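Content type PDB, C-alpha atoms, pLDDT in the B column, from the file structure_11.pdb:
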```pdb
ATOM      1  CA  MET R 155      44.044  -5.871 102.816  1.00 78.00           C
ATOM      2  CA  GLN R 156      40.428  -6.149 102.204  1.00 83.00           C
ATOM      3  CA  ALA R 157      40.624  -2.705 100.673  1.00 82.00           C
ATOM      4  CA  ASP R 158      43.531  -3.787  98.489  1.00 84.00           C
ATOM      5  CA  LYS R 159      41.596  -6.825  97.338  1.00 85.00           C
ATOM      6  CA  SER R 160      38.561  -4.678  96.594  1.00 88.00           C
ATOM      7  CA  ARG R 161      40.735  -2.122  94.834  1.00 89.00           C
ATOM      8  CA  LYS R 162      42.464  -4.804  92.737  1.00 90.00           C
ATOM      9  CA  LYS R 163      39.108  -6.383  91.963  1.00 90.00           C
ATOM     10  CA  LEU R 164      37.712  -3.001  90.954  1.00 90.00           C
ATOM     11  CA  GLN R 165      40.843  -2.279  88.919  1.00 92.00           C
ATOM     12  CA  VAL R 166      40.511  -5.615  87.090  1.00 93.00           C
ATOM     13  CA  GLU R 167      36.830  -4.938  86.481  1.00 93.00           C
ATOM     14  CA  LEU R 168      37.707  -1.435  85.263  1.00 94.00           C
ATOM     15  CA  GLU R 169      40.346  -2.821  82.900  1.00 95.00           C
ATOM     16  CA  ASP R 170      37.885  -5.453  81.689  1.00 94.00           C
ATOM     17  CA  ALA R 171      35.273  -2.739  81.165  1.00 96.00           C
ATOM     18  CA  ILE R 172      37.818  -0.567  79.305  1.00 96.00           C
ATOM     19  CA  ASN R 173      38.836  -3.545  77.157  1.00 96.00           C
ATOM     20  CA  ALA R 174      35.154  -4.340  76.471  1.00 96.00           C
ATOM     21  CA  LEU R 175      34.555  -0.679  75.635  1.00 97.00           C
ATOM     22  CA  GLU R 176      37.526  -0.675  73.247  1.00 97.00           C
ATOM     23  CA  GLN R 177      36.224  -3.873  71.661  1.00 97.00           C
ATOM     24  CA  GLN R 178      32.757  -2.332  71.319  1.00 97.00           C
ATOM     25  CA  LYS R 179      34.279   0.823  69.737  1.00 97.00           C
ATOM     26  CA  SER R 180      36.274  -1.333  67.315  1.00 97.00           C
ATOM     27  CA  GLN R 181      33.202  -3.364  66.402  1.00 97.00           C
ATOM     28  CA  ALA R 182      31.170  -0.175  66.002  1.00 97.00           C
ATOM     29  CA  LEU R 183      33.828   1.264  63.652  1.00 97.00           C
ATOM     30  CA  ASP R 184      33.825  -2.003  61.663  1.00 97.00           C
ATOM     31  CA  ARG R 185      30.036  -1.897  61.414  1.00 97.00           C
ATOM     32  CA  GLU R 186      30.138   1.755  60.330  1.00 97.00           C
ATOM     33  CA  ARG R 187      32.651   0.847  57.616  1.00 97.00           C
ATOM     34  CA  GLN R 188      30.479  -2.068  56.559  1.00 97.00           C
ATOM     35  CA  GLN R 189      27.421   0.198  56.550  1.00 97.00           C
ATOM     36  CA  ARG R 190      29.222   2.807  54.412  1.00 97.00           C
ATOM     37  CA  LYS R 191      30.312   0.035  52.023  1.00 98.00           C
ATOM     38  CA  PHE R 192      26.778  -1.301  51.936  1.00 98.00           C
ATOM     39  CA  ASP R 193      25.346   2.193  51.356  1.00 98.00           C
ATOM     40  CA  GLN R 194      27.882   2.829  48.599  1.00 97.00           C
ATOM     41  CA  ASN R 195      27.077  -0.528  46.988  1.00 98.00           C
ATOM     42  CA  MET R 196      23.347   0.201  47.303  1.00 98.00           C
ATOM     43  CA  ALA R 197      23.818   3.616  45.653  1.00 98.00           C
ATOM     44  CA  GLN R 198      25.729   1.979  42.781  1.00 98.00           C
ATOM     45  CA  GLN R 199      22.998  -0.646  42.414  1.00 98.00           C
ATOM     46  CA  LYS R 200      20.348   2.089  42.322  1.00 98.00           C
ATOM     47  CA  GLN R 201      22.308   3.979  39.668  1.00 98.00           C
ATOM     48  CA  GLU R 202      22.739   0.821  37.623  1.00 98.00           C
ATOM     49  CA  HIS R 203      19.051  -0.001  38.042  1.00 98.00           C
ATOM     50  CA  GLN R 204      18.081   3.517  36.942  1.00 98.00           C
ATOM     51  CA  LYS R 205      20.397   3.252  33.931  1.00 98.00           C
ATOM     52  CA  LEU R 206      18.846  -0.088  32.966  1.00 98.00           C
ATOM     53  CA  LEU R 207      15.348   1.378  33.329  1.00 98.00           C
ATOM     54  CA  GLU R 208      16.297   4.256  31.046  1.00 98.00           C
ATOM     55  CA  GLU R 209      17.795   1.837  28.500  1.00 98.00           C
ATOM     56  CA  ARG R 210      14.642  -0.289  28.658  1.00 98.00           C
ATOM     57  CA  ASP R 211      12.443   2.773  28.176  1.00 98.00           C
ATOM     58  CA  GLN R 212      14.571   3.865  25.221  1.00 98.00           C
ATOM     59  CA  ALA R 213      14.418   0.385  23.677  1.00 98.00           C
ATOM     60  CA  GLU R 214      10.630   0.289  24.117  1.00 98.00           C
ATOM     61  CA  LYS R 215      10.323   3.736  22.496  1.00 98.00           C
ATOM     62  CA  GLU R 216      12.475   2.606  19.568  1.00 98.00           C
ATOM     63  CA  ALA R 217      10.392  -0.561  19.234  1.00 98.00           C
ATOM     64  CA  ARG R 218       7.162   1.499  19.190  1.00 98.00           C
ATOM     65  CA  ASP R 219       8.657   3.870  16.602  1.00 98.00           C
ATOM     66  CA  LYS R 220       9.724   0.940  14.427  1.00 97.00           C
ATOM     67  CA  GLU R 221       6.310  -0.711  14.785  1.00 98.00           C
ATOM     68  CA  THR R 222       4.675   2.541  13.684  1.00 98.00           C
ATOM     69  CA  LYS R 223       7.054   2.720  10.712  1.00 97.00           C
ATOM     70  CA  ILE R 224       6.274  -0.902   9.796  1.00 98.00           C
ATOM     71  CA  LEU R 225       2.537  -0.220   9.909  1.00 97.00           C
ATOM     72  CA  SER R 226       2.957   2.889   7.780  1.00 97.00           C
ATOM     73  CA  LEU R 227       5.090   1.034   5.223  1.00 97.00           C
ATOM     74  CA  SER R 228       2.614  -1.859   5.193  1.00 98.00           C
ATOM     75  CA  ARG R 229      -0.230   0.537   4.403  1.00 97.00           C
ATOM     76  CA  ASP R 230       1.861   2.182   1.684  1.00 97.00           C
ATOM     77  CA  LEU R 231       2.660  -1.254   0.229  1.00 98.00           C
ATOM     78  CA  GLU R 232      -1.011  -2.240   0.200  1.00 97.00           C
ATOM     79  CA  GLU R 233      -1.915   1.012  -1.555  1.00 97.00           C
ATOM     80  CA  MET R 234       0.825   0.481  -4.142  1.00 98.00           C
ATOM     81  CA  GLU R 235      -0.276  -3.102  -4.725  1.00 97.00           C
ATOM     82  CA  GLU R 236      -3.836  -1.888  -5.271  1.00 97.00           C
ATOM     83  CA  GLN R 237      -2.553   0.749  -7.704  1.00 97.00           C
ATOM     84  CA  MET R 238      -0.475  -1.884  -9.486  1.00 98.00           C
ATOM     85  CA  VAL R 239      -3.497  -4.176  -9.846  1.00 97.00           C
ATOM     86  CA  GLU R 240      -5.544  -1.263 -11.192  1.00 97.00           C
ATOM     87  CA  LEU R 241      -2.782  -0.313 -13.649  1.00 97.00           C
ATOM     88  CA  GLN R 242      -2.449  -3.942 -14.791  1.00 97.00           C
ATOM     89  CA  ARG R 243      -6.205  -4.100 -15.306  1.00 97.00           C
ATOM     90  CA  LYS R 244      -6.091  -0.888 -17.357  1.00 96.00           C
ATOM     91  CA  ALA R 245      -3.106  -2.171 -19.352  1.00 95.00           C
ATOM     92  CA  ASN R 246      -4.948  -5.428 -20.071  1.00 96.00           C
ATOM     93  CA  ASN R 247      -8.043  -3.495 -21.172  1.00 95.00           C
ATOM     94  CA  GLN R 248      -5.982  -1.252 -23.429  1.00 95.00           C
ATOM     95  CA  ALA R 249      -4.144  -4.258 -24.902  1.00 92.00           C
ATOM     96  CA  ARG R 250      -7.496  -5.912 -25.581  1.00 93.00           C
ATOM     97  CA  GLU R 251      -8.805  -2.709 -27.211  1.00 91.00           C
ATOM     98  CA  LEU R 252      -5.625  -2.456 -29.301  1.00 89.00           C
ATOM     99  CA  ASP R 253      -6.025  -6.063 -30.424  1.00 87.00           C
ATOM    100  CA  GLU R 254      -9.626  -5.355 -31.353  1.00 86.00           C
ATOM    101  CA  LEU R 255      -8.607  -2.240 -33.300  1.00 84.00           C
ATOM    102  CA  VAL R 256      -5.826  -4.095 -35.099  1.00 81.00           C
ATOM    103  CA  SER R 257      -8.211  -6.952 -35.836  1.00 81.00           C
ATOM    104  CA  SER R 258     -10.876  -4.601 -37.185  1.00 79.00           C
ATOM    105  CA  LYS R 259      -8.237  -2.756 -39.212  1.00 69.00           C
ATOM    106  CA  ASP R 260      -7.138  -6.067 -40.676  1.00 64.00           C
ATOM    107  CA  ASP R 261     -10.758  -6.812 -41.525  1.00 63.00           C
ATOM    108  CA  VAL R 262     -11.123  -3.373 -43.087  1.00 62.00           C
ATOM    109  CA  GLY R 263      -7.809  -3.771 -44.891  1.00 61.00           C
ATOM    110  CA  LYS R 264      -8.903  -7.165 -46.216  1.00 61.00           C
ATOM    111  CA  SER R 265     -12.188  -5.701 -47.308  1.00 63.00           C
ATOM    112  CA  VAL R 266     -10.475  -2.836 -49.090  1.00 58.00           C
ATOM    113  CA  HIS R 267      -8.019  -5.219 -50.645  1.00 59.00           C
ATOM    114  CA  ASP R 268     -10.861  -7.503 -51.755  1.00 62.00           C
ATOM    115  CA  LEU R 269     -12.709  -4.524 -53.175  1.00 58.00           C
ATOM    116  CA  GLU R 270      -9.642  -3.343 -55.035  1.00 64.00           C
ATOM    117  CA  ARG R 271      -9.105  -6.807 -56.414  1.00 62.00           C
ATOM    118  CA  VAL R 272     -12.673  -7.118 -57.464  1.00 56.00           C
ATOM    119  CA  SER R 273     -12.689  -3.666 -59.022  1.00 59.00           C
ATOM    120  CA  GLU R 274      -9.366  -4.081 -60.820  1.00 56.00           C
ATOM    121  CA  PRO R 275     -10.498  -6.779 -63.189  1.00 52.00           C
ATOM    122  CA  ARG R 276     -13.517  -4.714 -64.050  1.00 51.00           C
ATOM    123  CA  ASN R 277     -11.286  -1.808 -64.794  1.00 50.00           C
ATOM    124  CA  TRP R 278      -9.067  -4.064 -66.803  1.00 48.00           C
ATOM    125  CA  TYR R 279     -11.977  -5.353 -68.855  1.00 50.00           C
ATOM    126  CA  THR R 280     -13.187  -1.876 -69.527  1.00 51.00           C
ATOM    127  CA  LEU R 281     -10.000  -0.807 -71.144  1.00 48.00           C
TER     128      LEU R 281
END
```

Mind turning this structure into structure tokens?
Amino acid sequence: MQADKSRKKLQVELEDAINALEQQKSQALDRERQQRKFDQNMAQQKQEHQKLLEERDQAEKEARDKETKILSLSRDLEEMEEQMVELQRKANNQARELDELVSSKDDVGKSVHDLERVSEPRNWYTL
């Protein structure tokens, strides 16, 4: 009987050990599934992170290109404004010279007209 009790006790312990082993296997499988899910999620996060880094790099490159374009256009605008000021100055000078020429022509025309008027009566008296 003692042997039967020992055998039953060992059999119960063996069944408990088998049940614990099955539970451990089940938990291990669950953890492996969780780990695979975690690894898959981590891989997706890394891909998304890499994609965002590439988008950021592209946006920074575009911003630098646009800044360069803005600087170039600003320089071109400054040069054109300087040219415009120079052309306006030249136009003002030429307008002033034209006014002076017209004014001197008027003076010359008046002088010629005065001379003709003065000389006409003399010519009229000499007839």

- Message: If I take CA of Ala197 (chain R) and CA of Ser180 (chain R), how far is one from the other in Å, to one decimal?
- Response: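 Computing the Euclidean distance for CA of Ala197 (chain R) and CA of Ser180 (chain R) yields 25.5 Å.
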
Grab all the atoms of region 157-167 of chain R that the file lists, wrap them in a box along x, y and z, add 8 Å per side, and give me centre plus edge lengths in Å (one decimal) as AutoDock Vina command-line options.
```
--center_x 40.2 --center_y -4.5 --center_z 93.6 --size_x 22.7 --size_y 20.7 --size_z 30.2
```

- Message: As an exercise, work out the distance from CA of Glu232 (chain R) to CA of Arg250 (chain R) in Å and give it to one decimal place.
- Response: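 Calculated distance between CA of Glu232 (chain R) and CA of Arg250 (chain R) is 26.8 Å.
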
- In Å to one decimal, how far is CA of Ser226 (chain R) from CA of Asp211 (chain R)?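 That distance, rounded to one decimal, is 22.5 Å.
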